[in-house]
Amino acid sequence: MFAVHLLSFYFSKLQEDQIKKVDRYLYAMRLSDDQLADISARFRQEMEKGLSNESNATAAVKMLPTHVYSTPDGSEKGEFLALDLGGSKFKVLQVKVSEDRKGKVQMESETFPIPEEFLNGRGTELFEHVAESLKSFLRKHHINHTRKALGFTFSFPCAQSKIDEGVLLSWSKNFKARGVQGNNVVQLLRKAIQKVGDVDVDVLAMVNDTVGAMMTCGYDDQNCEVGVIIGTGTNACYIEEMRHIDLVEGDEGRMCINTEWGAFGDDGVLDDFITSFDREIDAASINPGKQLFEKMVSGMYMGELVRLILLKMAKKGLLFRGQVSDALRTKGTFQTKHICLIEQYKGGLENTKEILEDLGLNPSEDDCIAVQHVCTIVSFRSANLVAAALAAILTRIRENKKLKTLRTTVGVDGTVYRTHPQYPKRLHKVVRHLVPDCHVRFVLSESGSAKGAAMVTAVAQRLASQRKEIDDTLAAFALSPTQLQEVKAKMRVELERGLKKDSHPTASVKMLPTYVYRTPDGTERGKYLALDLGGTNFRVLVVKIRTGMRNSVRMYNKIYAIPLEIMQGTGEELFDHIVQCISDFLDYMGMKNTRLPLGFTFSFPCNQTGIDKGDLVCWTKGFKATECEGYDVVDMLREAIKRRNEFDLDIVAIVNDTVGTMMTCAYEDPKCQIGLIAGTGSNVCYMEEMKNIEFVEGDEGQMCVNTEWGGFGANDNIEDIRTRYDREVDGGSLNPGKQRFEKMTSGMYLGEIVRRILIDLTKHGLLFRGRITERLKTKGIFETKFLSQIESDRLALLQVRSILQHLGLDSTCDDSIIVKEVCGAVSRRAAQLCGAGMAAVVDKIRENRGLDNLEITVGVDGTLYKLHPHFSTILKDTVRELAPNCKVDFILSEDGSGKGAALITAVAQQHYTDKQEPH
């Protein structure tokens, strides 16, 4: 029994001694945690270099754009062909993808050899051999009846400017075919197919084998956003944010990047980790100084690395009693497959002895243990280096997504990963150790990269089909210059019709007189009370104007809510609520006993027969109070004040918010003679010649006309540009058939138009994986402020996704891009329509005054104009294009229409004082 223990101790001691001996000799190959973290950080820097326009040309890690924008989402369907060229053999496949995903992917494949003369001959002959083999496969499987889409896996570094183009940068893996480097390999394949003849295929996509592995795994696991190859060669790809890829135009969305990490270290950044053995391997290779990381990691070199180490150790007397065989001296005799056999859990030592004997050696037991440990160190270093680089990629993805913890899947392929008994376990363990904040699932690419090429082709076909559907949907919102000119001309006709006595009653643009005869001239002064009612909030203000000085207005105000039940109750309840708010404000200001002139901003269409008389034409913006339409709202306010019987007010003027905006801005800029509201509602007012306002007495001077252009289209004259979404929104509104122009241009409705488009696209499976949430079904859930936020240039797609998640919509990156496009199409049309209407107004003013050229200022207010990132620019551009003889400046009304109401009251008081003074 003691003898058994002694033998066991002796064997353990022997094993330990052999391991220590190898460890001392190969100390430079054993990498600590700190060293791995350092390598990972260096790889991060190399990625940054490769992604940057400025440094890409000199970067070792090329970070090549693949123009693969999306991984499979499960809706792919159809039959596809795939070619896989990347080694001494190539494969042709037919891949059938079922629509329901339950039938999985069916494949038929055939492998064809590539004779040595094609590897080293002319490129045209290589591609003709591939085309002949493809033709043979099609005939054998009776496929060539209908045109098939083909995906081409080409496992060499290529520069791609689109998905179906790839210019070979350099051959690797023993390929040396002439006339291919620097040329588009897809074009070479197409020419070869054409020359061979009778092959009806369409080469839709070219991908790297790494991308193919990612796409293959991505079909079964939609979290897969990294692909890694660890085989004859090594490489990785991952999904990067477009905004970080300088080499490609566009900031929206994501694209797969082929890192070409095999070249990591070619610029010297790994020199302190490269051993003398690595340098010898590199010097003897067909591409010295290139692909240094690959030469430390991949199956093509790992066996040769072990052979060199064993040879040197033997020469130093550390192995095989100093004996060296001819086979051990011969390059290529020790292969990576031998490492896999030697490192097997059971039978590893027996395999070692057999392999060494085949090499003409006579190994002892301790030689076999030592050789086994050499293989372990070489393969473990490979796993460590891959783990360090992969950790850098995973950290980048996590930071791109601004996540504390990343959950993702890595698709892996390659003979080393597949056949080495311990490599996967080691790799996984080191990766998890290096990036504990990344929960990584590793999936073996079962069907290789050729299936991935078919999946890329399927995705490309799906995206092209979806793109067409989305483009067709949004095309209805794209207005041509001709259409905009027509809108301008039709608006001009309605402006004229609204001003004429005979056509005024039937005009869709009502052209309501405001009895405001001029804009402020700077002589206004006094203290005024102002009311501002135009939405769910009601404002009461005291405005103090000091004479002789512009910009000398001081204001005090308080905002009160108008509850929905008041908005849609009786008129008496509404005005009693307004008076209660005024009473509270006067108490707050200590002004209950002060009788001030009052201006009432009332932002709804009114027929005015005087500055202090206004009959409500119709409610808009969600108001529905009864017994108001057709009544004078000034009288209704006076009656409510009497009922309260607490104070008395001198109501001098009722004004529209548009007019208030114009007056506010005109106080700063005397050239301001137009007011525009682009917010919850949409409207314009401007100074018209009295002689053109046929239904108001007097031909001298000017008067501000409130166009109420929101009603434009009520006589069906813009039906050609209204979409079915506009009609749906109109049909579901409180006032169907009315305010059609406003429903296409104002903040109250744009979000709802977007919501209906999103529902439609989701129904067609183009958004949110075809799932319509209950929240998305809720009318009004998509507020117009979301358009402004989503379209902000400063907002990354991650933030867009968070806005959509807030709405209960679980969106992908692709979804976010489409939602942004929809918002852009709807808001762009709104701005262009406002611009076309404004062009009609400024051209009318120019012609009124008999001018060749007009310089004029527009005062603007409204959340859409103020907050939307592009609305104002598109509006101005449209006006410039449609009214080239008018120089139009736009200034923002900082103080709102309340200040305007006070200024109108001041101007009105002056006007009537002037009229009463004897001349």
# chains A, B, ... in the order shown; residues from 1 in each chain; ligands from 1
>>> select_by_dssp(residues="segment 22-268 of chain A", states="helix (DSSP H, G or I)", output="VMD selection string")
chain A and resid 22 to 25 27 to 29 33 to 51 56 to 58 116 to 120 123 to 140 185 to 196 209 to 220 242 to 244 261 to 263
>>> select_by_dssp(residues="segment 551-716 of chain A", states="strand (DSSP E or B)", output="ChimeraX atom specification")
/A:553-561,570,597-602,606-610,613-616,626,632,650-655,672-678,682-689,702-706
>>> write_last_selection(atoms="N, CA and C atoms", output="short mmCIF file (atom, residue, chain, number, x, y, z; two decimals), in the first residue's frame")
data_model
loop_
_atom_site.label_atom_id
_atom_site.label_comp_id
_atom_site.auth_asym_id
_atom_site.auth_seq_id
_atom_site.Cartn_x
_atom_site.Cartn_y
_atom_site.Cartn_z
N VAL A 553 -41.37 97.24 -21.26
CA VAL A 553 -42.64 96.67 -20.82
C VAL A 553 -42.36 95.73 -19.64
N ARG A 554 -43.10 95.92 -18.54
CA ARG A 554 -42.97 95.02 -17.38
C ARG A 554 -44.29 94.27 -17.21
N MET A 555 -44.19 93.00 -16.88
CA MET A 555 -45.41 92.19 -16.79
C MET A 555 -45.42 91.35 -15.51
N TYR A 556 -46.62 91.17 -14.98
CA TYR A 556 -46.86 90.31 -13.82
C TYR A 556 -48.01 89.39 -14.22
N ASN A 557 -47.85 88.09 -14.05
CA ASN A 557 -48.94 87.22 -14.50
C ASN A 557 -49.08 85.99 -13.62
N LYS A 558 -50.22 85.35 -13.77
CA LYS A 558 -50.51 84.10 -13.06
C LYS A 558 -51.25 83.19 -14.04
N ILE A 559 -50.93 81.89 -13.99
CA ILE A 559 -51.54 80.93 -14.91
C ILE A 559 -52.53 80.05 -14.14
N TYR A 560 -53.68 79.86 -14.77
CA TYR A 560 -54.75 79.03 -14.18
C TYR A 560 -55.13 77.92 -15.16
N ALA A 561 -55.47 76.75 -14.61
CA ALA A 561 -55.89 75.63 -15.46
C ALA A 561 -57.37 75.76 -15.80
N THR A 570 -70.97 74.26 -20.02
CA THR A 570 -71.78 75.34 -20.60
C THR A 570 -70.93 76.60 -20.71
N PRO A 597 -57.94 99.44 -18.17
CA PRO A 597 -58.34 99.00 -19.52
C PRO A 597 -57.90 97.55 -19.71
N LEU A 598 -58.75 96.76 -20.32
CA LEU A 598 -58.48 95.32 -20.44
C LEU A 598 -58.45 94.89 -21.91
N GLY A 599 -57.44 94.11 -22.25
CA GLY A 599 -57.38 93.45 -23.57
C GLY A 599 -57.55 91.96 -23.38
N PHE A 600 -58.42 91.37 -24.19
CA PHE A 600 -58.79 89.96 -24.03
C PHE A 600 -58.26 89.18 -25.25
N THR A 601 -57.19 88.40 -25.04
CA THR A 601 -56.70 87.52 -26.11
C THR A 601 -57.56 86.26 -26.10
N PHE A 602 -58.29 86.09 -27.18
CA PHE A 602 -59.23 84.97 -27.30
C PHE A 602 -58.88 84.25 -28.61
N CYS A 606 -63.36 84.45 -34.46
CA CYS A 606 -64.46 85.36 -34.08
C CYS A 606 -64.78 86.31 -35.23
N ASN A 607 -66.06 86.58 -35.42
CA ASN A 607 -66.48 87.65 -36.32
C ASN A 607 -66.54 88.92 -35.50
N GLN A 608 -65.70 89.89 -35.88
CA GLN A 608 -65.68 91.14 -35.12
C GLN A 608 -66.34 92.26 -35.93
N THR A 609 -67.19 93.00 -35.22
CA THR A 609 -67.77 94.20 -35.84
C THR A 609 -67.17 95.44 -35.21
N GLY A 610 -66.27 95.26 -34.28
CA GLY A 610 -65.56 96.37 -33.63
C GLY A 610 -64.43 95.78 -32.82
N LYS A 613 -65.86 93.81 -29.90
CA LYS A 613 -67.02 92.95 -30.20
C LYS A 613 -66.53 91.75 -30.99
N GLY A 614 -66.88 90.55 -30.53
CA GLY A 614 -66.43 89.35 -31.25
C GLY A 614 -67.38 88.19 -31.05
N ASP A 615 -68.06 87.80 -32.13
CA ASP A 615 -68.95 86.63 -32.09
C ASP A 615 -68.14 85.38 -32.41
N LEU A 616 -68.16 84.40 -31.50
CA LEU A 616 -67.42 83.15 -31.72
C LEU A 616 -68.00 82.41 -32.93
N THR A 626 -71.02 74.91 -24.49
CA THR A 626 -72.28 75.15 -25.20
C THR A 626 -72.72 76.62 -25.09
N ASP A 632 -71.47 86.93 -28.74
CA ASP A 632 -70.37 87.86 -28.50
C ASP A 632 -69.69 87.48 -27.18
N ASP A 650 -62.82 97.62 -17.70
CA ASP A 650 -63.08 98.35 -18.94
C ASP A 650 -62.53 97.52 -20.10
N ILE A 651 -63.37 96.68 -20.70
CA ILE A 651 -62.92 95.79 -21.78
C ILE A 651 -62.82 96.60 -23.07
N VAL A 652 -61.58 96.88 -23.46
CA VAL A 652 -61.34 97.77 -24.61
C VAL A 652 -61.22 96.97 -25.90
N ALA A 653 -60.58 95.78 -25.83
CA ALA A 653 -60.27 95.07 -27.08
C ALA A 653 -60.33 93.56 -26.89
N ILE A 654 -60.85 92.89 -27.93
CA ILE A 654 -60.73 91.44 -27.99
C ILE A 654 -59.80 91.13 -29.16
N VAL A 655 -58.82 90.31 -28.91
CA VAL A 655 -57.82 90.04 -29.95
C VAL A 655 -57.54 88.55 -30.05
N CYS A 672 -42.46 94.54 -38.65
CA CYS A 672 -43.30 93.36 -38.41
C CYS A 672 -44.76 93.69 -38.69
N GLN A 673 -45.30 93.08 -39.73
CA GLN A 673 -46.70 93.32 -40.10
C GLN A 673 -47.45 92.02 -40.36
N ILE A 674 -46.87 90.93 -39.89
CA ILE A 674 -47.50 89.61 -40.01
C ILE A 674 -47.30 88.88 -38.68
N GLY A 675 -48.33 88.17 -38.26
CA GLY A 675 -48.22 87.32 -37.07
C GLY A 675 -48.49 85.88 -37.44
N LEU A 676 -47.69 84.97 -36.92
CA LEU A 676 -47.85 83.53 -37.20
C LEU A 676 -47.88 82.77 -35.89
N ILE A 677 -48.86 81.90 -35.75
CA ILE A 677 -48.88 80.96 -34.64
C ILE A 677 -48.65 79.57 -35.22
N ALA A 678 -47.61 78.90 -34.74
CA ALA A 678 -47.34 77.52 -35.14
C ALA A 678 -47.14 76.73 -33.85
N SER A 682 -52.81 76.55 -35.57
CA SER A 682 -52.03 77.20 -36.64
C SER A 682 -52.86 78.33 -37.22
N ASN A 683 -52.26 79.54 -37.33
CA ASN A 683 -53.00 80.69 -37.85
C ASN A 683 -52.03 81.78 -38.26
N VAL A 684 -52.53 82.72 -39.07
CA VAL A 684 -51.75 83.87 -39.52
C VAL A 684 -52.65 85.10 -39.56
N CYS A 685 -52.08 86.25 -39.21
CA CYS A 685 -52.74 87.53 -39.44
C CYS A 685 -51.75 88.46 -40.14
N TYR A 686 -52.25 89.51 -40.79
CA TYR A 686 -51.35 90.45 -41.46
C TYR A 686 -52.08 91.78 -41.69
N MET A 687 -51.33 92.81 -41.98
CA MET A 687 -51.90 94.13 -42.23
C MET A 687 -52.36 94.22 -43.69
N GLU A 688 -53.68 94.31 -43.87
CA GLU A 688 -54.28 94.38 -45.22
C GLU A 688 -54.73 95.80 -45.52
N GLU A 689 -54.75 96.16 -46.79
CA GLU A 689 -55.24 97.47 -47.22
C GLU A 689 -56.76 97.51 -47.00
N GLN A 702 -54.96 100.84 -43.30
CA GLN A 702 -54.83 99.39 -43.21
C GLN A 702 -55.58 98.86 -41.99
N MET A 703 -55.85 97.59 -42.03
CA MET A 703 -56.41 96.91 -40.86
C MET A 703 -55.80 95.51 -40.79
N CYS A 704 -55.54 95.05 -39.58
CA CYS A 704 -55.05 93.68 -39.41
C CYS A 704 -56.20 92.70 -39.66
N VAL A 705 -55.94 91.73 -40.53
CA VAL A 705 -56.93 90.69 -40.83
C VAL A 705 -56.46 89.36 -40.22
N ASN A 706 -57.32 88.74 -39.45
CA ASN A 706 -57.07 87.42 -38.89
C ASN A 706 -57.54 86.40 -39.92
#
>>> residues_around(residues="Ile891 of chain A", least_positions_apart="4", cutoff="8 Å", atoms="only C-alpha atoms", output="short mmCIF file (atom, residue, chain, number, x, y, z; two decimals) with C-alpha atoms, in the first residue's frame")
data_model
loop_
_atom_site.label_atom_id
_atom_site.label_comp_id
_atom_site.auth_asym_id
_atom_site.auth_seq_id
_atom_site.Cartn_x
_atom_site.Cartn_y
_atom_site.Cartn_z
CA CYS A 665 -43.02 91.68 -32.19
CA THR A 857 -40.89 90.72 -40.70
CA VAL A 858 -43.10 87.94 -39.33
CA GLY A 859 -43.66 87.71 -35.58
CA VAL A 860 -43.95 84.08 -34.53
#
>>> closest_residue(among="A:Ala392, A:Leu484, A:Val493, A:Ile817", to="Ile721 of chain A", atoms="only C-alpha atoms")
A:Leu484
>>> atom_distance(atom1="atom CA of Leu188 of chain A", atom2="atom CA of Glu79 of chain A")
23.8 Å
>>> closest_atom_pairs(of="segment 382-481 of chain A", to="segment 41-53 of chain A", cutoff="10 Å", atoms="only C-alpha atoms", output="JSON lines")
{"residue": "A:Ala388", "atom": "CA", "partner": "A:Phe43", "partner_atom": "CA", "distance": 8.2}
{"residue": "A:Ala389", "atom": "CA", "partner": "A:Phe43", "partner_atom": "CA", "distance": 6.0}
{"residue": "A:Leu390", "atom": "CA", "partner": "A:Phe43", "partner_atom": "CA", "distance": 9.1}
{"residue": "A:Ala391", "atom": "CA", "partner": "A:Ala41", "partner_atom": "CA", "distance": 9.2}
{"residue": "A:Ala392", "atom": "CA", "partner": "A:Arg44", "partner_atom": "CA", "distance": 5.5}
{"residue": "A:Ile393", "atom": "CA", "partner": "A:Arg44", "partner_atom": "CA", "distance": 7.4}
{"residue": "A:Thr395", "atom": "CA", "partner": "A:Arg44", "partner_atom": "CA", "distance": 8.9}
{"residue": "A:Arg396", "atom": "CA", "partner": "A:Arg44", "partner_atom": "CA", "distance": 7.8}
>>> write_last_selection(atoms="N, CA and C atoms", output="CSV table (one decimal), in the first residue's frame")
chain,number,residue,atom,x,y,z
A,388,ALA,N,-9.3,38.8,-24.3
A,388,ALA,CA,-8.9,40.2,-24.1
A,388,ALA,C,-9.5,41.1,-25.2
A,389,ALA,N,-9.4,40.7,-26.4
A,389,ALA,CA,-9.9,41.5,-27.5
A,389,ALA,C,-11.5,41.5,-27.5
A,390,LEU,N,-12.0,40.3,-27.2
A,390,LEU,CA,-13.5,40.2,-27.2
A,390,LEU,C,-14.0,41.0,-26.0
A,391,ALA,N,-13.3,41.1,-24.9
A,391,ALA,CA,-13.8,41.9,-23.8
A,391,ALA,C,-13.8,43.4,-24.2
A,392,ALA,N,-12.9,43.8,-25.0
A,392,ALA,CA,-12.9,45.2,-25.5
A,392,ALA,C,-14.2,45.5,-26.3
A,393,ILE,N,-14.5,44.5,-27.2
A,393,ILE,CA,-15.7,44.7,-28.0
A,393,ILE,C,-17.0,44.7,-27.1
A,395,THR,N,-17.3,45.5,-24.0
A,395,THR,CA,-17.3,46.8,-23.2
A,395,THR,C,-17.8,47.9,-24.1
A,396,ARG,N,-17.3,48.0,-25.3
A,396,ARG,CA,-17.7,49.0,-26.2
A,396,ARG,C,-19.2,49.0,-26.5
>>> closest_residue(among="A:Leu247, A:Ile803, A:Leu341, A:Val879", to="Ser55 of chain A", atoms="only C-alpha atoms")
A:Leu247
>>> residues_around(residues="Val410 of chain A", least_positions_apart="3", cutoff="6 Å", atoms="only C-alpha atoms", output="PyMOL selection string")
chain A and resi 224+226-227+442
>>> closest_residue(among="A:Val201, A:Ile578, A:Ala159, A:Leu85", to="Asn56 of chain A", atoms="only C-alpha atoms")
A:Ala159
>>> closest_residue(among="A:Val842, A:Ala530, A:Cys834, A:Met567", to="Thr873 of chain A", atoms="only C-alpha atoms")
A:Cys834
>>> residues_around(residues="segment 361-370 of chain A", least_positions_apart="6", cutoff="12 Å", atoms="only C-alpha atoms", output="PyMOL selection string")
chain A and resi 10-26+306+309-311+313-314+317-329+342-343+347-355+376-377
>>> residues_around(residues="Tyr301 of chain A", least_positions_apart="4", cutoff="12 Å", atoms="only C-alpha atoms", output="count of residues only")
37
>>> residues_around(residues="segment 175-178 of chain A", least_positions_apart="3", cutoff="7 Å", atoms="only C-alpha atoms", output="list in words")
Phe118, Leu119, Asn120, Gly121, Arg122, Gly123, Trp171 and Ser172 of chain A
>>> decode(residues="segment 73-84 of chain A", atoms="all heavy atoms", output="compact mmCIF listing (two decimals), in the first residue's frame")
# COMPACT_ATOMS: atom_id res chain seq x y z
N ASP A 73 -34.75 38.92 -37.91
CA ASP A 73 -35.80 39.16 -36.91
C ASP A 73 -36.86 38.07 -36.92
O ASP A 73 -37.85 38.15 -36.20
CB ASP A 73 -36.43 40.54 -37.11
CG ASP A 73 -37.30 40.62 -38.36
OD1 ASP A 73 -37.34 39.64 -39.14
OD2 ASP A 73 -37.95 41.67 -38.56
N GLY A 74 -36.65 37.04 -37.75
CA GLY A 74 -37.59 35.92 -37.78
C GLY A 74 -38.63 36.03 -38.86
O GLY A 74 -39.37 35.07 -39.12
N SER A 75 -38.73 37.19 -39.52
CA SER A 75 -39.75 37.34 -40.56
C SER A 75 -39.18 37.03 -41.95
O SER A 75 -39.88 37.13 -42.94
CB SER A 75 -40.33 38.76 -40.55
OG SER A 75 -39.32 39.70 -40.89
N GLU A 76 -37.88 36.66 -41.98
CA GLU A 76 -37.27 36.34 -43.27
C GLU A 76 -37.92 35.08 -43.86
O GLU A 76 -38.30 34.17 -43.12
CB GLU A 76 -35.76 36.08 -43.11
CG GLU A 76 -34.95 37.30 -42.74
CD GLU A 76 -35.07 37.72 -41.29
OE1 GLU A 76 -35.54 36.90 -40.47
OE2 GLU A 76 -34.72 38.86 -40.99
N LYS A 77 -38.00 35.02 -45.17
CA LYS A 77 -38.60 33.83 -45.81
C LYS A 77 -38.07 33.72 -47.23
O LYS A 77 -37.60 34.70 -47.82
CB LYS A 77 -40.13 33.93 -45.82
CG LYS A 77 -40.65 35.18 -46.54
CD LYS A 77 -42.15 35.28 -46.47
CE LYS A 77 -42.62 36.59 -47.13
NZ LYS A 77 -44.06 36.71 -47.14
N GLY A 78 -38.15 32.50 -47.76
CA GLY A 78 -37.76 32.28 -49.15
C GLY A 78 -36.63 31.28 -49.30
O GLY A 78 -36.17 30.67 -48.33
N GLU A 79 -36.20 31.11 -50.56
CA GLU A 79 -35.10 30.20 -50.88
C GLU A 79 -33.91 31.01 -51.35
O GLU A 79 -34.06 31.90 -52.19
CB GLU A 79 -35.53 29.21 -51.96
CG GLU A 79 -36.62 28.25 -51.51
CD GLU A 79 -37.01 27.25 -52.60
OE1 GLU A 79 -36.25 27.12 -53.58
OE2 GLU A 79 -38.07 26.64 -52.46
N PHE A 80 -32.73 30.68 -50.82
CA PHE A 80 -31.53 31.45 -51.14
C PHE A 80 -30.38 30.50 -51.42
O PHE A 80 -30.35 29.37 -50.93
CB PHE A 80 -31.17 32.36 -49.96
CG PHE A 80 -32.29 33.26 -49.54
CD1 PHE A 80 -33.17 32.88 -48.53
CD2 PHE A 80 -32.50 34.47 -50.17
CE1 PHE A 80 -34.22 33.68 -48.16
CE2 PHE A 80 -33.55 35.30 -49.80
CZ PHE A 80 -34.41 34.91 -48.80
N LEU A 81 -29.43 30.99 -52.19
CA LEU A 81 -28.20 30.25 -52.44
C LEU A 81 -27.06 30.91 -51.69
O LEU A 81 -27.11 32.12 -51.43
CB LEU A 81 -27.89 30.23 -53.94
CG LEU A 81 -28.86 29.43 -54.82
CD1 LEU A 81 -28.60 29.71 -56.28
CD2 LEU A 81 -28.74 27.93 -54.54
N ALA A 82 -26.05 30.12 -51.36
CA ALA A 82 -24.89 30.69 -50.67
C ALA A 82 -23.63 30.02 -51.19
O ALA A 82 -23.61 28.82 -51.48
CB ALA A 82 -25.02 30.49 -49.17
N LEU A 83 -22.58 30.84 -51.30
CA LEU A 83 -21.23 30.36 -51.62
C LEU A 83 -20.35 30.70 -50.45
O LEU A 83 -20.43 31.80 -49.91
CB LEU A 83 -20.68 31.08 -52.85
CG LEU A 83 -21.11 30.66 -54.24
CD1 LEU A 83 -20.42 31.55 -55.27
CD2 LEU A 83 -20.75 29.21 -54.51
N ASP A 84 -19.47 29.77 -50.07
CA ASP A 84 -18.56 30.04 -48.95
C ASP A 84 -17.13 29.75 -49.41
O ASP A 84 -16.75 28.59 -49.60
CB ASP A 84 -18.94 29.15 -47.76
CG ASP A 84 -18.15 29.51 -46.50
OD1 ASP A 84 -17.31 30.43 -46.58
OD2 ASP A 84 -18.37 28.88 -45.46
